[in-house]
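Read through the structure below, which is laid out as C-alpha cells, and then see the notes.
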Amino acid sequence: MNKATRKAVIAGNWKMNNTPAEATALINELKPLVKDADCDVVLCVPYIDLFAAMEAAKGSNIKIGAENCHWAEKGAFTGEVSAKMLAAAGVEYVIIGHSERRQYFGETDVTVHDRVRAALNENLKVILCVGETETENEQHITAEVLRKQTKIALQGVSEEELKNIIIAYEPVWAIGTGKVATADDACKYNGIIRDCIAELYTKEAAEGFTIQYGGSMNEKNAAELLAKVNVDGGLIGGASLVASKFAAIVEAASK
Ligand code: PEP
C-alpha cells in the first residue's frame with residue numbers, strides 16, 4: 001500500500017469555538033460543499049456541540065469526533081468525559097494529545113497513552129497528535145521527540161488496534177500561528193513517524209497508515225502539503241471554522 005491507496009483524512013478541530021446552534025449552521029453550510037469528497041471528512045467539536053453536530057451531519061459524509069477523552073470509564077473526575085460516554089453517544093472519532101492539551105492542561109506522554117488505550121477499548125477512531133515545540137525544533141531534536149511521543153502513546157497497542165489510529169504530525173510552533181512547516185519538512189517528519197510505525201509493527205502496517213500534517217494548513221497551502229508522498233491528510237484548526245476554506249482543503253485532498 002502507498003499514498004495512492006491510503007485514504008486521506010481531512011479533520012477539523014474546532015477547539016473552543018461554536019455554540020450548538022452555530023455548529024448546526026456551519027455543518028449545514030459545509031454538507032453540500034464536501035458531499036463529493038474523495039477523502040474522509042471529520043469534524044472534531046466541543047463536547048457541548050456533539051449532539052447538534054451528529055444530528056446535522058446525519059445522512060452526510062461528515063463524521064463527528066470529540067477533542068479529547070478521559071482514560072477512566074467513570075469516576076470522580078469533575079469536568080471530564082470518558083471514552084465510554086463518547087462511544088455510547090455515537091461519536092466516531094477522538095483527538096488525543098493535541099499540543100494545546102499538552103501545553104495548557106498538563107497532558108503528558110503517559111496520560112496521552114492512557115487516553116489512547118481507553119479510546120481503543122471503546123472502538124473509537126483516534127487522531128493522535130505528536131509534534132515538537134519551537135525550542136525542540138531549534139535544538140534539531142524533532143525526530144527524537146516524534147519517535148518518543150509515538151512510541152509511548154502506542155505502547156501495548158496491537159497491529160489490529162492500530163487500524164483505528166491515525167497520527168497528526170503537528171509542529172507546536174505552527175499551530176494557530178500562521179507559520180507552516182515547508183511541504184518538504186512535513187513529508188520528512190511524517191516519513192520519520194512512518195518509519196517508527198514500521199519498527200514497532202510491520203512495513204505493511206506502516207505503508208497503510210494514515211499520517212496527517214497539521215499547523216496552519218489552509219485553503220492556499222493545502223494542495224502543496226497534501227501532494228507530498230507522506231502527507232495523507234490534514235488536521236485543521238482555524239480554517240475549519242469557515243465552511244468555504246475547509247471545503248477547499250477537502251477538495252485539495254480529493255485530487
Ligand atoms: C490544530 O488545532 O490542530 C491546528 C492545526 O490549528 P491551526 O490549523 O489553526 O494551526
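Every chain in the C-alpha cells takes a letter, A first, then B, and so on in the order presented; its residues are numbered from 1, and the ligands are numbered from 1 following the presented order.
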
>> For ligand 1, return the neighbouring residues as an NGL selection string (distance at most 6 Å; only C-alpha atoms and all ligand atoms).
In response: :A and (13 or 174-176 or 214-217 or 235-238)

Serialized selection, N, CA, C and O atoms, as a short mmCIF file (atom, residue, chain, number, x, y, z; two decimals), in the first residue's frame:
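What landed in part07.cif:
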```cif
data_model
loop_
_atom_site.label_atom_id
_atom_site.label_comp_id
_atom_site.auth_asym_id
_atom_site.auth_seq_id
_atom_site.Cartn_x
_atom_site.Cartn_y
_atom_site.Cartn_z
N ASN A 13 -10.55 20.67 13.65
CA ASN A 13 -10.52 20.76 15.11
C ASN A 13 -11.07 22.13 15.48
O ASN A 13 -10.39 23.14 15.29
N ALA A 174 3.69 25.77 14.77
CA ALA A 174 2.90 26.07 13.56
C ALA A 174 1.40 26.14 13.85
O ALA A 174 0.62 26.54 12.98
N ILE A 175 1.01 25.76 15.07
CA ILE A 175 -0.43 25.68 15.35
C ILE A 175 -0.99 27.05 15.71
O ILE A 175 -0.55 27.68 16.67
N GLY A 176 -1.92 27.50 14.90
CA GLY A 176 -2.60 28.77 15.16
C GLY A 176 -1.71 29.98 15.01
O GLY A 176 -2.06 31.08 15.45
N GLY A 214 -0.62 18.89 10.46
CA GLY A 214 -1.45 19.97 11.00
C GLY A 214 -0.57 21.11 11.46
O GLY A 214 0.53 20.90 11.98
N GLY A 215 -1.07 22.32 11.29
CA GLY A 215 -0.32 23.51 11.69
C GLY A 215 -0.47 24.57 10.62
O GLY A 215 0.27 24.57 9.65
N SER A 216 -1.52 25.40 10.81
CA SER A 216 -1.80 26.49 9.88
C SER A 216 -2.00 26.02 8.44
O SER A 216 -1.66 26.74 7.49
N MET A 217 -2.54 24.80 8.27
CA MET A 217 -2.91 24.38 6.92
C MET A 217 -4.16 25.18 6.54
O MET A 217 -5.07 25.34 7.35
N LEU A 235 -4.98 17.98 9.76
CA LEU A 235 -5.78 18.35 10.93
C LEU A 235 -5.80 19.88 10.91
O LEU A 235 -4.74 20.52 10.95
N ILE A 236 -7.00 20.40 10.84
CA ILE A 236 -7.17 21.82 10.51
C ILE A 236 -7.86 22.54 11.66
O ILE A 236 -8.99 22.17 12.03
N GLY A 237 -7.24 23.55 12.20
CA GLY A 237 -7.86 24.35 13.26
C GLY A 237 -8.63 25.51 12.67
O GLY A 237 -9.78 25.37 12.23
N GLY A 238 -8.00 26.67 12.63
CA GLY A 238 -8.66 27.91 12.21
C GLY A 238 -9.48 27.79 10.94
O GLY A 238 -10.65 28.23 10.90
#
```

Using 12 Å as the limit and counting only C-alpha atoms, can you tabulate each residue of stretch 125-215 of chain A that touches stretch 224-231 of chain A, with its shortest atom-to-atom distance in Å and the two atoms involved, as JSON lines?
```
{"residue": "A:Ile166", "atom": "CA", "partner": "A:Val231", "partner_atom": "CA", "distance": 11.7}
{"residue": "A:Ile167", "atom": "CA", "partner": "A:Val231", "partner_atom": "CA", "distance": 10.6}
{"residue": "A:Ala168", "atom": "CA", "partner": "A:Val231", "partner_atom": "CA", "distance": 9.5}
{"residue": "A:Tyr169", "atom": "CA", "partner": "A:Val231", "partner_atom": "CA", "distance": 9.3}
{"residue": "A:Glu170", "atom": "CA", "partner": "A:Val231", "partner_atom": "CA", "distance": 11.8}
{"residue": "A:Val180", "atom": "CA", "partner": "A:Leu225", "partner_atom": "CA", "distance": 9.7}
{"residue": "A:Ala181", "atom": "CA", "partner": "A:Leu225", "partner_atom": "CA", "distance": 8.9}
{"residue": "A:Thr182", "atom": "CA", "partner": "A:Leu225", "partner_atom": "CA", "distance": 7.8}
{"residue": "A:Ala183", "atom": "CA", "partner": "A:Leu225", "partner_atom": "CA", "distance": 4.8}
{"residue": "A:Asp184", "atom": "CA", "partner": "A:Lys228", "partner_atom": "CA", "distance": 7.5}
{"residue": "A:Asp185", "atom": "CA", "partner": "A:Leu225", "partner_atom": "CA", "distance": 9.6}
{"residue": "A:Ala186", "atom": "CA", "partner": "A:Val231", "partner_atom": "CA", "distance": 7.1}
{"residue": "A:Cys187", "atom": "CA", "partner": "A:Asn230", "partner_atom": "CA", "distance": 5.1}
{"residue": "A:Lys188", "atom": "CA", "partner": "A:Asn230", "partner_atom": "CA", "distance": 7.6}
{"residue": "A:Tyr189", "atom": "CA", "partner": "A:Asn230", "partner_atom": "CA", "distance": 8.6}
{"residue": "A:Asn190", "atom": "CA", "partner": "A:Asn230", "partner_atom": "CA", "distance": 5.7}
{"residue": "A:Gly191", "atom": "CA", "partner": "A:Asn230", "partner_atom": "CA", "distance": 5.8}
{"residue": "A:Ile192", "atom": "CA", "partner": "A:Asn230", "partner_atom": "CA", "distance": 9.5}
{"residue": "A:Ile193", "atom": "CA", "partner": "A:Asn230", "partner_atom": "CA", "distance": 9.6}
{"residue": "A:Arg194", "atom": "CA", "partner": "A:Asn230", "partner_atom": "CA", "distance": 8.1}
{"residue": "A:Asp195", "atom": "CA", "partner": "A:Asn230", "partner_atom": "CA", "distance": 10.8}
{"residue": "A:Ala206", "atom": "CA", "partner": "A:Asn230", "partner_atom": "CA", "distance": 10.8}
{"residue": "A:Glu207", "atom": "CA", "partner": "A:Asn230", "partner_atom": "CA", "distance": 9.5}
{"residue": "A:Gly208", "atom": "CA", "partner": "A:Asn230", "partner_atom": "CA", "distance": 10.9}
{"residue": "A:Phe209", "atom": "CA", "partner": "A:Asn230", "partner_atom": "CA", "distance": 9.8}
{"residue": "A:Thr210", "atom": "CA", "partner": "A:Val231", "partner_atom": "CA", "distance": 8.0}
{"residue": "A:Ile211", "atom": "CA", "partner": "A:Val231", "partner_atom": "CA", "distance": 6.0}
{"residue": "A:Gln212", "atom": "CA", "partner": "A:Val231", "partner_atom": "CA", "distance": 5.6}
{"residue": "A:Tyr213", "atom": "CA", "partner": "A:Val231", "partner_atom": "CA", "distance": 6.2}
{"residue": "A:Gly214", "atom": "CA", "partner": "A:Leu225", "partner_atom": "CA", "distance": 9.9}
{"residue": "A:Gly215", "atom": "CA", "partner": "A:Leu225", "partner_atom": "CA", "distance": 10.9}
```

> Which residue gives the smallest distance to A:Val42 among A:Asn121, A:Thr150, A:Ser60, A:Thr78, with only C-alpha atoms counted?
Replying inline: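 The answer is A:Ser60, which sits nearest to A:Val42.
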
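The smallest atom-to-atom distance between A:Ile10 and any of A:Thr177, A:Thr24, A:Ile62, A:Val45, using only C-alpha atoms, is found for A:Ile62.
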
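Picture a line from atom CA of A:Met54 to atom CA of A:Phe105; it runs 26.7 Å.
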
> Got a sec: who's within 8 Å of A:Trp71, counting only C-alpha atoms, leaving out chain neighbours fewer than 6 positions off, as a count of residues only?
Replying inline: 9

>> To one decimal place in Å, what is the distance between atom CA of A:Lys203 and atom CA of A:Asp232?
In response: 16.8 Å

>> Could you tell me how far atom CA of A:Ala23 sits from atom CA of A:Asn61, in Å to one decimal place?
In response: 16.0 Å

>> Run DSSP on the backbone and tell me which residues of stretch 145-240 of chain A come out as strand (DSSP E); list them as a PyMOL selection string.
In response: chain A and resi 165-169+211-214+233-236

Saved selection, atoms kept: N, CA and C atoms, as a PDB file, in the first residue's frame:
```
ATOM      1  N   ILE A 165      -6.238   3.963  14.476  1.00  0.00           N
ATOM      2  CA  ILE A 165      -5.468   5.164  14.834  1.00  0.00           C
ATOM      3  C   ILE A 165      -4.918   5.821  13.573  1.00  0.00           C
ATOM      4  N   ILE A 166      -4.970   7.151  13.553  1.00  0.00           N
ATOM      5  CA  ILE A 166      -4.155   7.891  12.597  1.00  0.00           C
ATOM      6  C   ILE A 166      -3.322   8.878  13.420  1.00  0.00           C
ATOM      7  N   ILE A 167      -2.211   9.300  12.870  1.00  0.00           N
ATOM      8  CA  ILE A 167      -1.377  10.271  13.595  1.00  0.00           C
ATOM      9  C   ILE A 167      -1.393  11.595  12.841  1.00  0.00           C
ATOM     10  N   ALA A 168      -1.478  12.674  13.603  1.00  0.00           N
ATOM     11  CA  ALA A 168      -1.317  14.016  13.023  1.00  0.00           C
ATOM     12  C   ALA A 168       0.024  14.569  13.494  1.00  0.00           C
ATOM     13  N   TYR A 169       0.933  14.809  12.540  1.00  0.00           N
ATOM     14  CA  TYR A 169       2.182  15.495  12.896  1.00  0.00           C
ATOM     15  C   TYR A 169       1.882  16.989  12.940  1.00  0.00           C
ATOM     16  N   ILE A 211      -1.068   9.345   7.997  1.00  0.00           N
ATOM     17  CA  ILE A 211      -0.362  10.366   8.795  1.00  0.00           C
ATOM     18  C   ILE A 211      -0.690  11.745   8.218  1.00  0.00           C
ATOM     19  N   GLN A 212      -1.354  12.539   9.043  1.00  0.00           N
ATOM     20  CA  GLN A 212      -1.748  13.884   8.608  1.00  0.00           C
ATOM     21  C   GLN A 212      -0.643  14.892   8.956  1.00  0.00           C
ATOM     22  N   TYR A 213      -0.759  16.059   8.346  1.00  0.00           N
ATOM     23  CA  TYR A 213       0.006  17.221   8.809  1.00  0.00           C
ATOM     24  C   TYR A 213      -0.995  18.221   9.383  1.00  0.00           C
ATOM     25  N   GLY A 214      -0.615  18.886  10.458  1.00  0.00           N
ATOM     26  CA  GLY A 214      -1.447  19.965  10.998  1.00  0.00           C
ATOM     27  C   GLY A 214      -0.575  21.110  11.455  1.00  0.00           C
ATOM     28  N   GLY A 233      -3.263  13.740   4.587  1.00  0.00           N
ATOM     29  CA  GLY A 233      -4.422  14.489   5.054  1.00  0.00           C
ATOM     30  C   GLY A 233      -3.990  15.596   5.987  1.00  0.00           C
ATOM     31  N   GLY A 234      -4.969  16.216   6.614  1.00  0.00           N
ATOM     32  CA  GLY A 234      -4.634  17.347   7.481  1.00  0.00           C
ATOM     33  C   GLY A 234      -5.538  17.428   8.687  1.00  0.00           C
ATOM     34  N   LEU A 235      -4.976  17.983   9.758  1.00  0.00           N
ATOM     35  CA  LEU A 235      -5.775  18.352  10.928  1.00  0.00           C
ATOM     36  C   LEU A 235      -5.799  19.877  10.909  1.00  0.00           C
ATOM     37  N   ILE A 236      -7.005  20.404  10.839  1.00  0.00           N
ATOM     38  CA  ILE A 236      -7.168  21.817  10.513  1.00  0.00           C
ATOM     39  C   ILE A 236      -7.863  22.536  11.660  1.00  0.00           C
TER      40      ILE A 236
END
```

>> Can you pull out every residue from stretch 95-234 of chain A that DSSP, working from the backbone, puts in helix (DSSP H, G or I), and format the result as a ChimeraX atom specification?
In response: /A:99-104,109-121,134-138,142-153,159-162,172-174,183-200,203-207,222-226

>> Calculated over only C-alpha atoms, which of the candidates A:Lys220, A:Lys125, A:Arg147, A:His70 has the smallest distance to A:Leu162?
In response: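 Going through A:Lys220, A:Lys125, A:Arg147, A:His70 one by one, the smallest distance to A:Leu162 is for A:Lys125.
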
>> So that I can check the surroundings of A:Cys39, please list as a PyMOL selection string every protein, DNA and RNA residue that reaches within 9 Å of it, counting only C-alpha atoms and ignoring chain neighbours fewer than 2 positions away.
In response: chain A and resi 7-10+36-37+41+233+250-251+253-254

Export of prior selection with C-alpha atoms as a JSON list (two decimals), in the first residue's frame:
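Listed below is the output, result32.json:
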```json
[["chain", "number", "residue", "atom", "x", "y", "z"],
["A", 7, "LYS", "CA", -7.32, 7.26, 2.11],
["A", 8, "ALA", "CA", -6.68, 10.87, 3.06],
["A", 9, "VAL", "CA", -8.42, 12.15, 6.18],
["A", 10, "ILE", "CA", -9.22, 15.85, 6.49],
["A", 36, "ASP", "CA", -18.36, 14.56, -3.35],
["A", 37, "ALA", "CA", -15.16, 14.33, -1.30],
["A", 41, "VAL", "CA", -14.14, 14.26, 6.29],
["A", 233, "GLY", "CA", -4.42, 14.49, 5.05],
["A", 250, "VAL", "CA", -11.17, 18.78, 1.33],
["A", 251, "GLU", "CA", -11.19, 19.41, -2.42],
["A", 253, "ALA", "CA", -7.21, 16.26, -0.71],
["A", 254, "SER", "CA", -9.66, 14.68, -3.14]]
```
